Every structure is written in C-alpha cells, then in structure tokens.
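Enquirer: To be precise about what I am sending: the file is called coords21.txt and holds compact mmCIF, C-alpha atoms.
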```txt
# COMPACT_ATOMS: atom_id res chain seq x y z
CA MET A 5 11.55 -4.82 31.79
CA SER A 6 10.55 -3.55 28.33
CA ARG A 7 12.82 -1.47 26.17
CA GLN A 8 12.33 2.23 26.82
CA THR A 9 12.88 3.57 23.30
CA ARG A 10 13.00 2.07 19.83
CA ILE A 11 13.78 4.00 16.65
CA PHE A 12 12.33 2.50 13.48
CA ALA A 13 14.42 3.85 10.58
CA CYS A 14 12.48 3.34 7.35
CA GLY A 15 13.44 3.65 3.69
CA GLY A 16 16.67 5.02 2.27
CA CYS A 17 16.47 8.30 4.17
CA GLY A 18 15.58 6.51 7.39
CA LEU A 19 18.48 4.09 7.06
CA SER A 20 20.90 7.00 6.71
CA ARG A 21 19.44 9.06 9.56
CA GLY A 22 19.26 6.02 11.80
CA ALA A 23 22.94 5.30 11.23
CA ASP A 24 23.70 8.94 12.13
CA ILE A 25 22.13 8.49 15.57
CA GLU A 26 23.79 5.19 16.48
CA GLN A 27 26.69 6.85 18.32
CA TYR A 28 24.25 8.74 20.55
CA ILE A 29 22.25 5.67 21.60
CA PRO A 30 22.83 4.57 25.23
CA ARG A 31 24.82 1.32 25.44
CA ASP A 32 22.77 -0.03 28.33
CA GLY A 33 20.13 -1.56 26.04
CA SER A 34 17.47 0.99 26.95
CA ALA A 35 17.24 2.25 23.37
CA ASP A 36 18.08 0.95 19.91
CA VAL A 37 17.66 1.53 16.19
CA VAL A 38 16.10 -0.98 13.79
CA TYR A 39 16.05 -0.64 10.02
CA ILE A 40 13.32 -1.46 7.48
CA ASP A 41 13.49 -0.99 3.70
CA THR A 42 12.48 -2.46 0.35
CA SER A 43 16.08 -2.70 -0.87
CA ASP A 44 19.49 -3.37 0.65
CA ALA A 45 21.10 -0.80 -1.65
CA ASN A 46 21.47 1.59 1.29
CA LYS A 47 22.82 -1.08 3.63
CA GLY A 48 25.85 0.06 5.63
CA LYS A 49 28.01 -1.02 8.54
CA HIS A 50 25.27 -0.37 11.10
CA HIS A 51 22.74 -2.58 9.31
CA THR A 52 23.03 -6.19 10.50
CA ASP A 53 20.84 -9.26 10.18
CA ASP A 54 19.73 -8.72 13.79
CA ASN A 55 18.61 -5.11 13.44
CA SER A 56 17.49 -4.91 9.79
CA TYR A 57 14.58 -6.18 7.73
CA PHE A 58 14.48 -5.87 3.97
CA ILE A 59 11.05 -6.77 2.62
CA PRO A 60 11.57 -9.88 0.44
CA LEU A 61 11.36 -9.86 -3.35
CA LEU A 62 11.44 -6.07 -3.63
CA ARG A 63 14.20 -3.99 -5.22
CA GLY A 64 13.26 -0.52 -4.03
CA SER A 65 10.38 1.73 -5.03
CA GLY A 66 12.06 4.34 -7.25
CA SER A 67 10.21 7.20 -5.49
CA ASN A 68 6.92 5.64 -6.63
CA ARG A 69 4.71 5.29 -3.53
CA LYS A 70 2.13 3.17 -5.37
CA LYS A 71 4.63 0.62 -6.71
CA ASN A 72 5.03 -1.47 -3.56
CA ALA A 73 2.32 -0.03 -1.32
CA GLY A 74 0.26 -3.23 -1.14
CA VAL A 75 3.25 -5.47 -0.44
CA ILE A 76 4.60 -3.05 2.18
CA ALA A 77 1.26 -2.75 3.96
CA LYS A 78 0.90 -6.54 4.08
CA ALA A 79 4.48 -6.95 5.38
CA VAL A 80 3.82 -4.48 8.20
CA LYS A 81 0.30 -5.59 9.09
CA GLU A 82 0.62 -9.36 8.60
CA GLY A 83 4.35 -10.05 8.38
CA ASP A 84 7.22 -10.46 10.81
CA ILE A 85 8.30 -6.85 11.28
CA LEU A 86 6.55 -6.08 14.58
CA SER A 87 7.28 -9.54 15.96
CA LEU A 88 10.96 -9.25 15.08
CA PHE A 89 11.10 -5.67 16.36
CA GLU A 90 8.62 -5.42 19.20
CA PRO A 91 7.44 -1.90 20.01
CA ALA A 92 9.04 -0.19 23.01
CA ASP A 93 7.44 2.05 25.62
CA PHE A 94 8.25 4.99 23.33
CA ASN A 95 8.62 4.53 19.57
CA ILE A 96 10.21 6.93 17.08
CA ILE A 97 9.81 6.39 13.34
CA VAL A 98 12.12 8.31 10.99
CA TYR A 99 11.55 8.43 7.23
CA SER A 100 11.26 10.62 4.16
CA ALA A 101 7.80 11.72 3.08
CA ALA A 102 9.08 12.24 -0.46
CA GLY A 103 10.47 8.82 -1.42
CA GLY A 104 8.73 5.63 -2.43
CA SER A 105 9.44 3.20 0.40
CA GLY A 106 9.87 5.02 3.73
CA SER A 107 6.86 7.19 2.91
CA VAL A 108 4.71 4.04 2.92
CA ILE A 109 6.50 1.91 5.54
CA GLY A 110 6.54 4.78 8.06
CA PRO A 111 2.85 5.75 8.00
CA VAL A 112 1.67 2.12 7.92
CA LEU A 113 3.84 1.41 10.97
CA VAL A 114 2.39 4.50 12.64
CA GLY A 115 -1.11 3.20 11.96
CA GLU A 116 -0.35 -0.24 13.40
CA LEU A 117 1.27 1.19 16.53
CA LEU A 118 -1.60 3.62 17.07
CA LYS A 119 -4.08 0.74 16.79
CA GLN A 120 -2.05 -1.10 19.44
CA ARG A 121 -2.22 2.05 21.60
CA LYS A 122 1.56 2.40 21.55
CA THR A 123 3.29 5.74 22.04
CA VAL A 124 4.77 6.80 18.70
CA VAL A 125 6.27 9.95 17.17
CA SER A 126 7.41 10.38 13.56
CA VAL A 127 10.43 12.40 12.49
CA VAL A 128 9.71 13.18 8.84
CA VAL A 129 11.52 15.02 6.05
CA GLY A 130 9.61 16.38 3.06
CA GLU A 131 10.90 17.63 -0.28
CA THR A 132 9.58 19.98 -2.94
CA ASP A 133 12.39 19.82 -5.52
CA SER A 134 10.24 17.97 -8.08
CA ASP A 135 6.55 17.37 -8.74
CA ASN A 136 6.99 13.72 -7.78
CA HIS A 137 8.63 14.48 -4.42
CA LEU A 138 6.08 17.20 -3.73
CA ASN A 139 3.12 14.94 -4.49
CA ASN A 140 4.64 12.17 -2.38
CA THR A 141 5.12 14.54 0.55
CA ILE A 142 1.52 15.75 0.41
CA GLY A 143 0.25 12.18 0.04
CA THR A 144 2.31 11.00 3.00
CA LEU A 145 0.97 13.74 5.29
CA LYS A 146 -2.58 12.95 4.22
CA THR A 147 -1.92 9.26 4.88
CA LEU A 148 -0.80 10.11 8.42
CA GLU A 149 -4.01 12.07 8.97
CA SER A 150 -5.92 9.05 7.69
CA GLN A 151 -4.09 6.77 10.14
CA ALA A 152 -4.99 9.12 13.01
CA ILE A 153 -8.65 9.03 12.04
CA LEU A 154 -8.73 5.24 11.66
CA ALA A 155 -7.01 4.65 15.01
CA GLU A 156 -8.82 7.51 16.76
CA LYS A 157 -5.47 8.68 18.14
CA PRO A 158 -3.36 11.71 17.17
CA ALA A 159 -0.43 11.08 14.80
CA ILE A 160 2.53 13.19 15.94
CA ILE A 161 5.20 14.43 13.51
CA ASP A 162 8.35 16.47 13.88
CA TYR A 163 8.53 17.78 10.30
CA HIS A 164 11.63 18.89 8.41
CA GLU A 165 11.94 19.95 4.79
CA ASN A 166 14.68 20.02 2.20
CA LYS A 167 14.15 23.32 0.38
CA PRO A 168 16.11 26.19 -1.23
CA GLY A 169 18.29 28.13 1.19
CA ILE A 170 18.82 25.19 3.54
CA THR A 171 21.52 22.61 2.86
CA ILE A 172 20.81 18.91 3.07
CA GLN A 173 23.45 18.68 5.81
CA ASP A 174 21.63 21.32 7.85
CA VAL A 175 18.41 19.31 7.62
CA ASP A 176 20.24 16.10 8.50
CA ASP A 177 21.75 17.82 11.54
CA ASP A 178 18.32 19.05 12.64
CA ILE A 179 16.92 15.53 12.35
CA ARG A 180 19.80 14.10 14.38
CA GLU A 181 19.23 16.70 17.11
CA ALA A 182 15.51 15.90 17.15
CA LEU A 183 16.20 12.18 17.51
CA VAL A 184 18.71 12.78 20.31
CA ALA A 185 16.19 15.00 22.11
CA LEU A 186 13.41 12.41 21.80
CA VAL A 187 15.68 9.65 23.10
CA GLU A 188 16.47 11.80 26.13
CA LEU A 189 12.79 12.63 26.68
CA SER A 190 11.85 8.95 26.61
CA SER A 191 14.83 7.60 28.58
CA GLN A 192 12.82 7.04 31.79
CA LYS A 193 15.77 8.56 33.64
CA ASN A 194 14.17 11.98 34.08
CA GLU A 195 12.91 12.72 37.57
CA TYR A 196 9.18 13.58 37.87
CA LEU A 197 8.48 12.22 34.35
CA ASP A 198 7.05 8.69 34.17
CA VAL A 199 5.87 6.48 31.31
CA GLU A 200 2.22 7.46 31.70
CA ASP A 201 3.12 11.15 31.62
CA LEU A 202 4.73 10.63 28.22
CA THR A 203 1.92 8.44 26.97
CA ASN A 204 -0.68 11.08 27.81
CA PHE A 205 1.50 13.80 26.30
CA VAL A 206 1.75 12.03 22.94
CA GLN A 207 -1.73 10.48 23.08
CA TYR A 208 -3.22 13.70 24.37
CA THR A 209 -6.79 12.70 23.54
CA ASN A 210 -6.51 10.31 26.51
CA VAL A 211 -6.76 13.27 28.86
CA ILE A 212 -8.12 16.18 26.81
CA GLN A 213 -11.83 16.15 26.12
CA ASN A 214 -13.39 17.20 22.80
CA GLN A 215 -10.05 17.16 20.95
CA LEU A 216 -10.18 15.42 17.57
CA PRO A 217 -7.45 12.87 16.80
CA GLN A 218 -5.53 14.52 13.97
CA LEU A 219 -2.11 14.84 12.42
CA THR A 220 -0.25 16.97 14.95
CA SER A 221 2.96 19.01 14.77
CA MET A 222 5.70 18.62 17.35
CA PHE A 223 8.12 21.50 17.88
CA ILE A 224 11.37 20.81 19.73
CA VAL A 225 13.18 23.88 21.07
CA ASP A 226 15.78 24.56 23.75
CA ASP A 227 14.54 27.83 25.25
CA ARG A 228 11.33 28.84 27.01
CA LYS A 229 10.82 32.07 25.05
CA THR A 230 10.71 30.30 21.68
CA ALA A 231 8.55 27.52 23.10
CA GLY A 232 6.15 30.10 24.53
CA SER A 233 5.77 31.77 21.13
CA ILE A 234 4.43 28.61 19.45
CA PRO A 235 0.72 29.28 18.84
CA GLU A 236 -2.20 27.29 20.21
CA PRO A 237 -0.30 24.61 22.15
CA ILE A 238 -2.30 21.51 23.00
CA ALA A 239 0.29 19.67 25.08
CA ILE A 240 3.78 20.53 26.34
CA ALA A 241 6.54 18.35 27.78
CA SER A 242 9.68 20.02 29.18
CA LEU A 243 13.04 18.87 30.47
CA TYR A 244 15.21 20.93 32.84
CA SER A 245 18.59 20.51 34.48
CA ASN A 246 17.18 22.06 37.68
CA VAL A 247 13.68 21.67 39.04
CA ASN A 248 13.64 25.37 40.01
CA ASP A 249 13.92 26.33 36.34
CA HIS A 250 10.47 24.92 35.69
CA GLN A 251 7.97 27.66 34.93
CA ALA A 252 4.66 27.23 33.15
CA PHE A 253 4.27 28.95 29.78
CA GLY A 254 1.69 28.83 27.03
CA ASN A 255 -1.98 27.98 27.42
CA ALA A 256 -1.68 24.21 26.98
CA SER A 257 -4.40 21.73 27.89
CA TYR A 258 -1.85 19.17 29.11
CA ARG A 259 1.60 19.76 30.58
CA THR A 260 4.32 17.55 32.03
CA PHE A 261 7.98 18.01 32.88
CA GLY A 262 11.06 16.19 34.07
CA VAL A 263 14.52 16.90 35.45
CA VAL A 264 17.41 15.32 33.54
CA PRO A 265 20.18 13.30 35.27
CA GLU A 266 23.25 15.19 36.50
CA ASP A 267 25.45 13.83 33.72
CA SER A 268 23.15 15.21 30.98
CA GLN A 269 24.34 18.16 28.88
CA THR A 270 20.77 19.45 28.54
CA GLU A 271 19.82 22.67 30.32
CA GLN A 272 16.28 22.74 29.01
CA LEU A 273 14.25 21.22 26.19
CA HIS A 274 10.62 21.81 25.29
CA PHE A 275 8.36 19.63 23.16
CA VAL A 276 5.23 21.47 22.05
CA LEU A 277 2.28 19.94 20.21
CA ASN A 278 -0.30 21.77 18.14
CA THR A 279 -2.45 21.00 15.12
CA ILE A 280 -2.38 24.37 13.38
CA GLY A 281 1.31 23.83 12.58
CA ILE A 282 0.08 21.33 10.01
CA ASN A 283 -1.84 24.13 8.28
CA GLU A 284 1.39 26.05 7.73
CA ILE A 285 3.17 22.98 6.35
CA LEU A 286 0.31 22.21 3.96
CA LYS A 287 0.01 25.80 2.82
CA GLY A 288 3.67 25.87 1.84
CA LEU A 289 3.33 22.58 -0.03
CA GLU A 290 0.12 23.63 -1.78
CA ASP A 291 1.65 26.98 -2.82
CA LYS A 292 4.57 25.06 -4.33
CA GLU A 293 2.13 22.70 -6.03
CA GLU A 294 0.34 25.66 -7.65
CA GLN A 295 3.66 27.07 -8.88
CA SER A 296 4.55 23.69 -10.38
CA LYS A 297 1.22 23.45 -12.18
CA LYS A 298 1.74 26.88 -13.73
CA ALA A 299 5.27 25.97 -14.79
CA SER A 300 4.03 22.74 -16.41
CA ALA A 301 1.22 24.53 -18.23
CA SER A 302 3.66 27.08 -19.69
CA ARG A 303 6.04 24.52 -21.20
CA THR A 304 6.31 24.59 -24.97
CA GLU A 305 5.01 21.44 -26.62
CA ARG A 306 7.48 20.37 -29.29
CA ARG A 307 6.09 19.17 -32.63
CA ASN A 308 6.53 15.51 -33.45
CA LEU A 309 9.55 14.71 -35.63
CA ILE A 310 7.63 11.92 -37.39
CA SER A 311 5.19 12.75 -40.18
CA SER A 312 2.84 10.71 -42.35
CA ASP A 313 5.30 11.05 -45.22
CA ASP A 314 8.08 9.15 -43.41
CA ASP A 315 8.93 5.59 -44.38
CA ILE A 316 8.91 3.50 -41.15
CA ASP A 317 9.38 -0.29 -41.03
CA ASP A 318 7.84 -2.67 -38.49
CA SER A 319 10.80 -2.32 -36.09
CA GLY A 320 10.42 1.47 -35.93
CA ILE A 321 13.36 2.33 -38.18
CA VAL A 322 12.82 5.46 -40.31
CA PHE A 323 14.30 5.56 -43.82
```
Let me see whether you can do it: turn the structure in this file into structure tokens.

Expert:
Amino acid sequence: MSRQTRIFACGGCGLSRGADIEQYIPRDGSADVVYIDTSDANKGKHHTDDNSYFIPLLRGSGSNRKKNAGVIAKAVKEGDILSLFEPADFNIIVYSAAGGSGSVIGPVLVGELLKQRKTVVSVVVGETDSDNHLNNTIGTLKTLESQAILAEKPAIIDYHENKPGITIQDVDDDIREALVALVELSSQKNEYLDVEDLTNFVQYTNVIQNQLPQLTSMFIVDDRKTAGSIPEPIAIASLYSNVNDHQAFGNASYRTFGVVPEDSQTEQLHFVLNTIGINEILKGLEDKEEQSKKASASRTERRNLISSDDDIDDSGIVF
C-alpha cells in the first residue's frame, strides 16, 4: 500500500515549518515529512539522513533565486530526490516564495509531480519587506503558473504572507494549521471520501470541461458561512464530524465531502478552490511593487567623495 500523504519541506522556511508539523503527523506511517535544501545551516533535530536531502556542493542561495536555479532544477528533474522520496497519493509542498532556495525547489517539484499526474498542493509564504523578497515572491507565483501551463494541470496554492500588522508567529501558526488540515483531508480515513475524489478535487480539470489549468488559490476555513462567501468557487472539498451536517453551499463545478473518524477533533473543514483569488494576491504584490519603485526613485543620490584632484595609488589608497 502506498503512503497516503507526504510533505516536502523545501528551503529554510520549509525546513522550519516541516519541523513544526512533525508532532501532528500520524505515527502509523501513513504520512511523513521529508526535507530538501541547498544548505544544512537550518538542519535541526528532525532532519536525519533518512528524511533529508541537501543538494551537494551548494551553500545556500542567499535569497538569490537565480544563483542555484539551474543546479536545483537538474537535481529535481534528473537527480535522486524523487527516487529517494517517492511521491505519495497526496503530496504537500511547503516553502517560502521569497527566499532563494525553497522558491525554486518547490515550484520545480510541483512541475515534476504535475507532469507525473500526482496530486499536489503547495503551502506558500510570501514576503514584501524588501524589493528582493517582493520580486522573488512575484517570480515564484509566475513560475507556478508556468508549471501549470506546461503540465496542463492546475497548480494549487494555499498562500500566506508576512506583512505589517501580522506577526511572523501568527503566519507560522496559520501554516501549521493548514498543514494539519491537509493531512487530515488526505488521510484516507474519512468516510465517503476516496483517493479519486481528492485527485479530481485538486486536479479539477479532470472533471470540469473548458477550465484552463492555472495557478489556483486554496482557502481552508472551518465554518460553512465563511466558505460560502468565497467568490467564484471551482471545486470544494468538505469534512464533517456528522454526515447530517453536510449541506451544499456555493456554486462550485465539483464538490466532494467526507466524514472524519470519531476520534478526530474536527467538526467541519472546508477547502475551496478558485482562480480569482490569485488576482487579489497579485494586485497586493503589484501595488507594493509600485510603492517600492516610487521610494527608490525619490532617494537622494549622494555625490562621489572622490574627485579628479585626489591622489590615488594603484591599490586604491587616497593620499
């Protein structure tokens, strides 16, 4: 029997968020976390030789997505990663869109899994605290759209963002809750919800005609009212503690549901997919990008301290 769920934790952010979820992973072998990075600088107690892969000869990316992109892509596409860590029935990839390593490893992994027709969802955190992080975040989202187009399958993301007014801990907690929810959704222990139901939910173009494969937002909420307010749903998956709580909401093109085991603490969870959520994410990032451009243009350019009258020797010393 294949593993039900595998979490691929990529880059420095992914390694940290993956370690956060370890205590919530079932101990029956149905789910696990594996770690992939370009440096072992973030290596902790949860990262062992059996569950971790650090791409050889690299020492991190320094938030520069271009630095190791070619080596990373080759390692994912042609290397040992997917033979060491075989995809499960349901695959979750967690990474930062703003860094230099996870933002490349994650989307390339997504692309490979989509090409293999595997079920995959990304849990992604973006950042806008600097021009570099902002540009990386935008580039990562565009890369995911590119992977969807190349594979002709939707690329699903649960997107989070570090931004003013929200603490890093709050974002980390939201990511942990999302990962826990996805593990429960994919556990194969939910009555009425089978593997093919989940596959067609995530790969909704399998069953929905005339729907372009695009980057797609996933919203995870724990009440029907909020879930029903999410605009233009394409596909919805729900979990309930009681089958009689199941009621259809929203005008989705595909819908599936399951009933959690008696020992679950979940009363209800809803996973809603749409593509227009991406528009809102991009608008916020592009607005921030415009603000940054204006701020850069308004900076005072300091005059050079060195003049033609200065006496400078060949080693650059000024006398």

Enquirer: Would you please work out which residue, of A:Gln269, A:Ser233, A:Asn95, A:Thr42, is nearest to Lys122 of chain A when using all atoms listed in the file?

Expert: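 Result for the nearest residue to Lys122 of chain A: A:Asn95.
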
Enquirer: Just to confirm, what's the straight-line distance from atom CA of Asn214 of chain A to atom CA of Ala152 of chain A in Å (one decimal)?

Expert: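 Those two atoms sit 15.2 Å apart.
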
Enquirer: Between A:Thr230, A:Thr132, A:Asn204, A:Gln272, single out the one closest to Asn248 of chain A, counting all atoms listed in the file.

Expert: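 Ranked by minimum distance to Asn248 of chain A, first place goes to A:Gln272.
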
Enquirer: Using 8 Å as the limit and counting only C-alpha atoms, can you tabulate each residue of segment 163-220 of chain A that touches segment 250-262 of chain A, with its shortest atom-to-atom distance in Å and the two atoms involved, as CSV?

Expert:
```
residue,atom,partner,partner_atom,distance
A:Asn194,CA,A:Gly262,CA,5.2
A:Glu195,CA,A:Gly262,CA,5.3
A:Tyr196,CA,A:Gly262,CA,5.0
A:Leu197,CA,A:Gly262,CA,4.7
A:Asp201,CA,A:Thr260,CA,6.5
A:Leu202,CA,A:Thr260,CA,7.9
A:Phe205,CA,A:Tyr258,CA,6.9
A:Tyr208,CA,A:Tyr258,CA,7.4
A:Val211,CA,A:Tyr258,CA,7.7
A:Ile212,CA,A:Ser257,CA,6.8
```

Enquirer: Which residues are close to Gln295 of chain A, i.e. within 12 Å by all atoms listed in the file, leaving aside same-chain residues fewer than 3 positions away? Reply as a PDB file with C-alpha atoms, in the coordinates of the input.

Expert:
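Wrote result.pdb, looks like this:
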```pdb
ATOM      1  CA  THR A 132       9.580  19.980  -2.940  1.00  0.00           C
ATOM      2  CA  ASP A 133      12.390  19.820  -5.520  1.00  0.00           C
ATOM      3  CA  SER A 134      10.240  17.970  -8.080  1.00  0.00           C
ATOM      4  CA  ASP A 135       6.550  17.370  -8.740  1.00  0.00           C
ATOM      5  CA  LEU A 138       6.080  17.200  -3.730  1.00  0.00           C
ATOM      6  CA  GLY A 288       3.670  25.870   1.840  1.00  0.00           C
ATOM      7  CA  LEU A 289       3.330  22.580  -0.030  1.00  0.00           C
ATOM      8  CA  GLU A 290       0.120  23.630  -1.780  1.00  0.00           C
ATOM      9  CA  ASP A 291       1.650  26.980  -2.820  1.00  0.00           C
ATOM     10  CA  LYS A 292       4.570  25.060  -4.330  1.00  0.00           C
ATOM     11  CA  LYS A 298       1.740  26.880 -13.730  1.00  0.00           C
ATOM     12  CA  ALA A 299       5.270  25.970 -14.790  1.00  0.00           C
ATOM     13  CA  SER A 300       4.030  22.740 -16.410  1.00  0.00           C
ATOM     14  CA  ALA A 301       1.220  24.530 -18.230  1.00  0.00           C
ATOM     15  CA  SER A 302       3.660  27.080 -19.690  1.00  0.00           C
TER      16      SER A 302
END
```

Enquirer: Within 9 Å of Ile25 of chain A, counting all atoms listed in the file, which residues qualify if same-chain residues fewer than 5 places away don't, as number ranges by chain?

Expert: A: 37, 180-181, 183-184

Enquirer: Between atom CA of Thr279 of chain A and atom CA of Thr220 of chain A, measure the distance and give it in Å to one decimal.

Expert: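 Spanning atom CA of Thr279 of chain A to atom CA of Thr220 of chain A is a straight-line distance of 4.6 Å.
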
Enquirer: Gly48 of chain A: which residues within 9 Å, counting all atoms listed in the file, same-chain residues fewer than 4 positions away excluded, as a CSV table (one decimal) with C-alpha atoms, in the coordinates of the input?

Expert:
```
chain,number,residue,atom,x,y,z
A,19,LEU,CA,18.5,4.1,7.1
A,20,SER,CA,20.9,7.0,6.7
A,23,ALA,CA,22.9,5.3,11.2
A,44,ASP,CA,19.5,-3.4,0.6
A,52,THR,CA,23.0,-6.2,10.5
```

Enquirer: So, with all atoms listed in the file as the atoms that count, which of A:Leu145, A:Phe94, A:Ser56, A:Ile179 lies closest to Asp24 of chain A?

Expert: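 Using all atoms listed in the file, the shortest distance to Asp24 of chain A belongs to A:Ile179.
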
Enquirer: Need the shell around Phe89 of chain A: protein/DNA/RNA residues with any atom at most 9 Å away, counting only C-alpha atoms. Skip same-chain ones fewer than 2 positions apart. Format as a count of residues only?

Expert: 10

Enquirer: Around all of segment 169-187 of chain A's listed atoms, make the axis-aligned box with 3 Å on each side and tell me centre and edge lengths in Å to one decimal, as AutoDock Vina command-line options.

Expert:
```
--center_x 18.4 --center_y 18.9 --center_z 12.1 --size_x 16.0 --size_y 24.5 --size_z 27.9
```

Enquirer: Grab the atom CA of Gln213 of chain A to atom CA of Val128 of chain A distance for me, in Å with one decimal place.

Expert: 27.8 Å

Enquirer: Using all atoms listed in the file, find the one residue out of A:Leu219, A:Ala159, A:Lys70, A:Gly18 that sits nearest to Ile280 of chain A.

Expert: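 Closest to Ile280 of chain A, using all atoms listed in the file: A:Leu219.
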
Enquirer: Would you mind listing what lies within 10 Å of Asp267 of chain A as a PyMOL selection string, with only C-alpha atoms counted and same-chain residues fewer than 3 positions away left out?

Expert: chain A and resi 245+264+270

Enquirer: Given all atoms listed in the file as the basis, pick out the residue of A:Pro158, A:Glu266, A:Thr304, A:Leu186 nearest to Ile238 of chain A.

Expert: A:Pro158

Enquirer: Output requested as a compact mmCIF listing (two decimals), in the frame of the given file - segment 206-229 of chain A, filled out with N, CA and C atoms.

Expert:
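The resulting file, part.txt, is reproduced below:
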```txt
# COMPACT_ATOMS: atom_id res chain seq x y z
N VAL A 206 1.81 12.37 24.37
CA VAL A 206 1.75 12.03 22.94
C VAL A 206 0.32 11.66 22.53
N GLN A 207 -0.34 10.86 23.35
CA GLN A 207 -1.73 10.48 23.08
C GLN A 207 -2.65 11.41 23.87
N TYR A 208 -2.58 12.68 23.53
CA TYR A 208 -3.22 13.70 24.37
C TYR A 208 -4.73 13.59 24.43
N THR A 209 -5.33 12.88 23.48
CA THR A 209 -6.79 12.70 23.54
C THR A 209 -7.19 11.78 24.69
N ASN A 210 -6.21 11.10 25.31
CA ASN A 210 -6.51 10.31 26.51
C ASN A 210 -7.03 11.18 27.65
N VAL A 211 -6.51 12.41 27.69
CA VAL A 211 -6.76 13.27 28.86
C VAL A 211 -7.42 14.60 28.51
N ILE A 212 -7.50 14.92 27.23
CA ILE A 212 -8.12 16.18 26.81
C ILE A 212 -9.45 15.87 26.13
N GLN A 213 -10.50 16.40 26.66
CA GLN A 213 -11.83 16.15 26.12
C GLN A 213 -12.09 17.00 24.88
N ASN A 214 -12.93 16.47 23.98
CA ASN A 214 -13.39 17.20 22.80
C ASN A 214 -12.25 17.63 21.88
N GLN A 215 -11.18 16.87 21.84
CA GLN A 215 -10.05 17.16 20.95
C GLN A 215 -10.00 16.05 19.90
N LEU A 216 -10.17 16.42 18.64
CA LEU A 216 -10.18 15.42 17.57
C LEU A 216 -8.80 14.80 17.40
N PRO A 217 -8.73 13.49 17.13
CA PRO A 217 -7.45 12.87 16.80
C PRO A 217 -7.03 13.25 15.38
N GLN A 218 -5.97 14.00 15.27
CA GLN A 218 -5.53 14.52 13.97
C GLN A 218 -4.01 14.40 13.84
N LEU A 219 -3.54 14.65 12.63
CA LEU A 219 -2.11 14.84 12.42
C LEU A 219 -1.70 16.07 13.20
N THR A 220 -0.63 15.94 13.98
CA THR A 220 -0.25 16.97 14.95
C THR A 220 1.23 17.29 14.83
N SER A 221 1.56 18.57 14.85
CA SER A 221 2.96 19.01 14.77
C SER A 221 3.62 18.96 16.14
N MET A 222 4.87 18.51 16.16
CA MET A 222 5.70 18.62 17.35
C MET A 222 6.83 19.61 17.05
N PHE A 223 7.02 20.55 17.96
CA PHE A 223 8.12 21.50 17.88
C PHE A 223 9.08 21.20 19.03
N ILE A 224 10.36 21.09 18.71
CA ILE A 224 11.37 20.81 19.73
C ILE A 224 12.32 22.00 19.79
N VAL A 225 12.35 22.69 20.93
CA VAL A 225 13.18 23.88 21.07
C VAL A 225 13.89 23.85 22.42
N ASP A 226 14.97 24.63 22.53
CA ASP A 226 15.78 24.56 23.75
C ASP A 226 15.72 25.83 24.60
N ASP A 227 14.70 26.68 24.37
CA ASP A 227 14.54 27.83 25.25
C ASP A 227 13.05 28.12 25.45
N ARG A 228 12.73 28.62 26.62
CA ARG A 228 11.33 28.84 27.01
C ARG A 228 10.66 29.93 26.17
N LYS A 229 11.41 30.97 25.81
CA LYS A 229 10.82 32.07 25.05
C LYS A 229 10.30 31.58 23.69
```
